[in-house]
Amino acid sequence: MRLFLTILMLLATPLAAQQVPSSAAQMQLSFVPLVKEATPAVVNIYAKIMTEARRTPLQSDPFFERFFRDPFSERPRVQNSLGSGVILSDDGIVVSNYHVVGTATDIRVVLNDRREYSAHVLLGDAESDLAILKLEGAQDLPFLELRDSDAVEVGELTLAIGNPFGVGQTVSSGIVSGLARSGAANNGGLGYFIQTDAPINPGNSGGALIDMSGRLIGVNTSILTRSGGSNGIGFAIPANLVAAFVEQARAGEAVFHRPWAGLSGQPVDFDMAGPLGLDRPGGIIVSGLHAASPFHAAGLKVGDVIVTVDAQPVNTPAEMIYRMSVAGLGHTARVGVMRDGTLQEMTVALIAAPDRPDRAEVTLGGRSLLPGLRAARINPAVIAEMNLPLESTGVVVVDAGRFGPRVGLREGDVIHAINGVTVEDTKALLALLSGQVRRIQMVIQRGDQRMALRFRG
């Protein structure tokens with residue numbers, strides 16, 4: 001009888017006056033009021049991306065390139081990118097995925113009511129796959145509120161809104177299937193995601209994942225699939241990280257600055273938990289600490305287990321970096337640490353990786369044995385930017401140039417020694433690769449591999 005009366009009341013109320021469903025009976029009726037409220041703030045994005053033409057190995061070789069040059073194949077190509085976005089403020093701040101708009105030269109945003117705006121990227125970050133846009137000349141736009149994504153629970157009802165396959169704005173429903181999914185949605189890279197079974201397909205990227213109050217809990221970013229279509233395992237970037245991006249974009253930053261941990265570690269598994277004084281697997285055991293690390297300054301030691309950041313559990317390095325990014329640069333984080341079976345709490349300053357000592361970046365000239373090679377002295381900032389091993393020192397290849405690849409050099413190679421002489425800085429590199437030297441034996445580090453390169457000038 002109560003359900004019958006509720007249905008009569010809803011039918012007697014104009015759609016414009018209907019509120020977001022607030023009871024089980026209203027949920028069973030439909031999601032119509034919720035959809036009507038949320039969809040105006042979800043937009044379709046059309047972007048043009050300029051890409052460099054692919055060159056064959058012979059075209060890239062300095063000797064053969066003149067014989068295999070094709071002026072048509074060398075022209076930049078225009079690719080069209082299709083995706084979705086979410087309006088976060090009435091003055092036209094929009095969030096989307098970096099892979100949709102991050103490298104675009106022309107961005108067009110179409111609202112649900114068919115209004116169109118040009119847009120430009122304020123801030124983008126490929127690692128997090130987030131980009132913040134500004135719609136030009138926009139005002140008084142509908143927008144979604146951000147929810148505290150730490151309060152989201154498995155089992156909550158969700159709606160995914162986007163533009164799959166370019167067919168137009170589409171709504172799909174599901175639940176929150178999992179939390180704290182790190183790495184799985186980003187090819188093993190850094191990431192921290194909300195998992196949902198709401199169908200997400202190509203074109204949904206950058207669209208909204210909302211709760212039953214119409215608040216944004218995440219930005220849809222990717223799926224796990226074998227067929228290319230939705231298999232019910234989709235991932236969304238949590239709203240709390242989106243909020244951190246918006247804050248930096250509002251402050252005028254063009255790239256996202258995340259706090260630097262300056263440590264290396266691995267998840268604690270079942271076999272490790274007992275000897276470390278843990279009653280169950282969890283946390284990150286610290287295996288390395290940089291001398292300039294803020295964790296080192298706070299008193300952390302190798303062998304300690306980080307179990308929480310700001311009272312939230314962390315089980316992978318990606319989760320720890322996510323918690324630090326949400327807290328933001330210039331702030332502090334409360335870090336729970338297990339040491340010798342005892343839980344301690346440390347206060348860690350959230351800082352950027354120090355760009356000291358000076359990286360002294362150089363580009364080798366035409367008289368050098370490897371003209372065009374660009375290299376820099378390694379410091380914490382360089383380690384973070386190039387994802388080098390924490391203990392790296394000396395000089396790193398920033399750009400191998402045209403001739404570096406011919407002798408086996410790649411971007412990210414750490415040069416340890418040349419002809420038996422240790423390379424401590426870029427000044428030494430310039431001297432050791434001068435045109436007066438004809439035979440070169442170079443010792444380099446590439447990831448976990450140490451190797452020797454031999455060539456003649």
# chains A, B, ... in the order shown; residues from 1 in each chain; ligands from 1

$ residues_around --residues "A:Met272" --least-positions-apart "5" --cutoff "12 Å" --atoms "only C-alpha atoms" --output "ChimeraX atom specification"
/A:266-267,277-285,303,305

$ select_by_dssp --residues "stretch 150-315 of chain A" --states "helix (DSSP H, G or I)" --output "PyMOL selection string"
chain A and resi 150-151+164-166+239-250+270-273+294-298

$ closest_residue --among "A:His416, A:His290, A:Arg181, A:Lys134" --to "A:Ile383" --atoms "only C-alpha atoms"
A:His290

$ select_by_dssp --residues "stretch 208-387 of chain A" --states "strand (DSSP E or B)" --output "ChimeraX atom specification"
/A:208-210,216-223,234-238,255,263-267,284-289,305-309,312-313,332-339,342-349,362-363,374-377

$ closest_residue --among "A:Phe31, A:Phe165, A:Tyr322, A:Phe193" --to "A:Thr308" --atoms "only C-alpha atoms"
A:Tyr322

$ atom_distance --atom1 "atom CA of A:Met346" --atom2 "atom CA of A:Pro275"
22.2 Å

$ atom_distance --atom1 "atom CA of A:Ser392" --atom2 "atom CA of A:Val307"
26.8 Å

$ closest_residue --among "A:Asp271, A:Asp91, A:Asp150, A:Asp125" --to "A:Ala138" --atoms "only C-alpha atoms"
A:Asp91

$ closest_residue --among "A:Thr347, A:Ser128, A:Ser293, A:Gln195" --to "A:Leu241" --atoms "only C-alpha atoms"
A:Ser128

$ residues_around --residues "A:Ile237" --least-positions-apart "6" --cutoff "9 Å" --atoms "only C-alpha atoms" --output "JSON, numbers by chain"
{"A": [128, 129, 130, 191, 192, 193, 194, 217, 218, 219, 220, 221]}

$ residues_around --residues "A:Glu247" --least-positions-apart "4" --cutoff "12 Å" --atoms "only C-alpha atoms" --output "PyMOL selection string"
chain A and resi 88+93+122-123+132+240-243+251-257+325-329

$ atom_distance --atom1 "atom CA of A:Glu145" --atom2 "atom CA of A:Pro199"
22.4 Å

$ residues_around --residues "stretch 43-46 of chain A" --least-positions-apart "4" --cutoff "8 Å" --atoms "only C-alpha atoms" --output "ChimeraX atom specification"
/A:80-87,107-112,162-163,168-169,207

$ write_last_selection --atoms "all heavy atoms" --output "tab-separated table (two decimals), in the first residue's frame"
chain	number	residue	atom	x	y	z
A	80	ASN	N	41.52	12.14	-34.46
A	80	ASN	CA	40.35	12.62	-33.73
A	80	ASN	C	40.15	11.78	-32.48
A	80	ASN	O	40.21	10.56	-32.52
A	80	ASN	CB	39.10	12.56	-34.60
A	80	ASN	CG	39.16	13.53	-35.77
A	80	ASN	OD1	39.55	14.67	-35.58
A	80	ASN	ND2	38.77	13.09	-36.96
A	81	SER	N	39.96	12.46	-31.35
A	81	SER	CA	39.75	11.79	-30.08
A	81	SER	C	38.34	12.08	-29.60
A	81	SER	O	37.84	13.21	-29.71
A	81	SER	CB	40.76	12.27	-29.05
A	81	SER	OG	40.52	11.71	-27.79
A	82	LEU	N	37.67	11.04	-29.09
A	82	LEU	CA	36.31	11.17	-28.61
A	82	LEU	C	36.24	10.73	-27.16
A	82	LEU	O	36.79	9.70	-26.79
A	82	LEU	CB	35.38	10.30	-29.46
A	82	LEU	CG	33.93	10.19	-29.02
A	82	LEU	CD1	33.21	11.52	-29.23
A	82	LEU	CD2	33.23	9.09	-29.82
A	83	GLY	N	35.58	11.53	-26.34
A	83	GLY	CA	35.46	11.16	-24.94
A	83	GLY	C	34.39	11.98	-24.24
A	83	GLY	O	33.54	12.60	-24.89
A	84	SER	N	34.46	11.97	-22.94
A	84	SER	CA	33.46	12.65	-22.12
A	84	SER	C	34.16	13.51	-21.08
A	84	SER	O	35.38	13.43	-20.88
A	84	SER	CB	32.55	11.64	-21.42
A	84	SER	OG	31.98	10.73	-22.36
A	85	GLY	N	33.39	14.33	-20.40
A	85	GLY	CA	33.92	15.16	-19.34
A	85	GLY	C	32.82	15.53	-18.37
A	85	GLY	O	31.64	15.28	-18.62
A	86	VAL	N	33.21	16.12	-17.23
A	86	VAL	CA	32.26	16.49	-16.20
A	86	VAL	C	32.51	17.94	-15.80
A	86	VAL	O	33.65	18.32	-15.48
A	86	VAL	CB	32.40	15.59	-14.95
A	86	VAL	CG1	31.30	15.93	-13.94
A	86	VAL	CG2	32.35	14.12	-15.34
A	87	ILE	N	31.45	18.75	-15.82
A	87	ILE	CA	31.55	20.15	-15.38
A	87	ILE	C	31.57	20.17	-13.85
A	87	ILE	O	30.70	19.59	-13.21
A	87	ILE	CB	30.38	20.98	-15.91
A	87	ILE	CG1	30.29	20.88	-17.44
A	87	ILE	CG2	30.53	22.45	-15.51
A	87	ILE	CD1	29.07	21.57	-18.04
A	107	ILE	N	40.04	21.54	-29.04
A	107	ILE	CA	39.09	20.84	-28.19
A	107	ILE	C	37.72	21.52	-28.29
A	107	ILE	O	37.60	22.73	-28.10
A	107	ILE	CB	39.54	20.84	-26.71
A	107	ILE	CG1	40.94	20.23	-26.59
A	107	ILE	CG2	38.55	20.08	-25.84
A	107	ILE	CD1	41.54	20.38	-25.21
A	108	ARG	N	36.71	20.71	-28.58
A	108	ARG	CA	35.34	21.21	-28.65
A	108	ARG	C	34.49	20.43	-27.66
A	108	ARG	O	34.51	19.21	-27.65
A	108	ARG	CB	34.79	21.04	-30.08
A	108	ARG	CG	33.41	21.63	-30.30
A	108	ARG	CD	33.12	21.75	-31.79
A	108	ARG	NE	33.29	20.48	-32.48
A	108	ARG	CZ	32.30	19.61	-32.69
A	108	ARG	NH1	31.07	19.88	-32.27
A	108	ARG	NH2	32.53	18.49	-33.33
A	109	VAL	N	33.76	21.16	-26.83
A	109	VAL	CA	32.94	20.55	-25.78
A	109	VAL	C	31.47	20.83	-26.07
A	109	VAL	O	31.08	21.98	-26.28
A	109	VAL	CB	33.33	21.10	-24.39
A	109	VAL	CG1	32.40	20.53	-23.33
A	109	VAL	CG2	34.79	20.75	-24.08
A	110	VAL	N	30.67	19.77	-26.08
A	110	VAL	CA	29.24	19.88	-26.39
A	110	VAL	C	28.44	19.49	-25.15
A	110	VAL	O	28.59	18.38	-24.63
A	110	VAL	CB	28.84	18.99	-27.58
A	110	VAL	CG1	27.36	19.16	-27.90
A	110	VAL	CG2	29.70	19.31	-28.80
A	111	LEU	N	27.58	20.40	-24.70
A	111	LEU	CA	26.75	20.15	-23.54
A	111	LEU	C	25.53	19.33	-23.91
A	111	LEU	O	25.19	19.16	-25.09
A	111	LEU	CB	26.31	21.46	-22.89
A	111	LEU	CG	27.27	22.08	-21.86
A	111	LEU	CD1	28.61	22.44	-22.52
A	111	LEU	CD2	26.66	23.30	-21.20
A	112	ASN	N	24.85	18.83	-22.89
A	112	ASN	CA	23.65	18.05	-23.07
A	112	ASN	C	22.56	18.80	-23.82
A	112	ASN	O	21.77	18.22	-24.56
A	112	ASN	CB	23.14	17.58	-21.70
A	112	ASN	CG	21.89	16.74	-21.79
A	112	ASN	OD1	20.80	17.20	-21.49
A	112	ASN	ND2	22.03	15.49	-22.19
A	162	GLY	N	28.16	8.99	-19.91
A	162	GLY	CA	29.18	9.35	-20.87
A	162	GLY	C	28.66	9.23	-22.29
A	162	GLY	O	27.45	9.16	-22.53
A	163	ASN	N	29.62	9.18	-23.23
A	163	ASN	CA	29.29	9.16	-24.66
A	163	ASN	C	29.95	7.95	-25.31
A	163	ASN	O	30.90	8.08	-26.09
A	163	ASN	CB	29.76	10.46	-25.31
A	163	ASN	CG	29.44	10.54	-26.78
A	163	ASN	OD1	28.56	9.85	-27.28
A	163	ASN	ND2	30.17	11.38	-27.49
A	168	GLY	N	26.12	9.25	-28.47
A	168	GLY	CA	25.39	10.25	-27.72
A	168	GLY	C	25.38	9.91	-26.24
A	168	GLY	O	25.77	8.82	-25.83
A	169	GLN	N	24.94	10.87	-25.46
A	169	GLN	CA	24.98	10.69	-24.02
A	169	GLN	C	24.16	9.48	-23.58
A	169	GLN	O	23.01	9.32	-23.98
A	169	GLN	CB	24.49	11.94	-23.31
A	169	GLN	CG	24.82	11.94	-21.83
A	169	GLN	CD	24.47	13.25	-21.17
A	169	GLN	OE1	23.34	13.47	-20.80
A	169	GLN	NE2	25.46	14.14	-21.03
A	207	GLY	N	34.00	10.45	-18.35
A	207	GLY	CA	32.62	10.65	-17.92
A	207	GLY	C	32.46	10.47	-16.42
A	207	GLY	O	33.40	10.18	-15.68

$ closest_residue --among "A:Val32, A:Val101, A:Ile415, A:Leu430" --to "A:Arg450" --atoms "only C-alpha atoms"
A:Ile415

$ residues_around --residues "A:Glu391" --least-positions-apart "2" --cutoff "12 Å" --atoms "only C-alpha atoms" --output "mmCIF file with C-alpha atoms, in the first residue's frame"
data_model
loop_
_atom_site.group_PDB
_atom_site.id
_atom_site.type_symbol
_atom_site.label_atom_id
_atom_site.label_comp_id
_atom_site.auth_asym_id
_atom_site.auth_seq_id
_atom_site.Cartn_x
_atom_site.Cartn_y
_atom_site.Cartn_z
ATOM 1 C CA GLY A 262 61.954 9.247 -1.628
ATOM 2 C CA LEU A 263 61.655 5.614 -0.640
ATOM 3 C CA SER A 264 61.285 2.191 -2.197
ATOM 4 C CA SER A 287 63.579 -1.432 1.395
ATOM 5 C CA GLY A 288 65.344 1.827 0.523
ATOM 6 C CA LEU A 289 65.459 5.449 1.692
ATOM 7 C CA HIS A 290 66.997 8.421 -0.072
ATOM 8 C CA ALA A 291 69.037 10.704 2.190
ATOM 9 C CA ALA A 292 66.789 13.655 1.221
ATOM 10 C CA SER A 293 63.519 11.751 1.759
ATOM 11 C CA ILE A 378 71.109 13.048 -11.251
ATOM 12 C CA ASN A 379 69.353 14.564 -8.249
ATOM 13 C CA PRO A 380 66.072 13.658 -6.452
ATOM 14 C CA VAL A 382 65.589 13.870 -11.907
ATOM 15 C CA ILE A 383 65.104 10.496 -10.201
ATOM 16 C CA ALA A 384 61.388 11.224 -9.770
ATOM 17 C CA ASN A 387 61.620 6.981 -12.681
ATOM 18 C CA LEU A 388 65.204 6.013 -11.940
ATOM 19 C CA PRO A 389 66.283 3.632 -9.184
ATOM 20 C CA THR A 393 73.984 8.829 -9.013
ATOM 21 C CA GLY A 394 76.044 10.421 -11.752
ATOM 22 C CA VAL A 414 72.654 6.140 -16.361
ATOM 23 C CA GLN A 445 72.948 1.188 -15.982
ATOM 24 C CA GLY A 447 67.003 -0.433 -14.975
ATOM 25 C CA ASP A 448 68.428 -3.418 -13.095
#
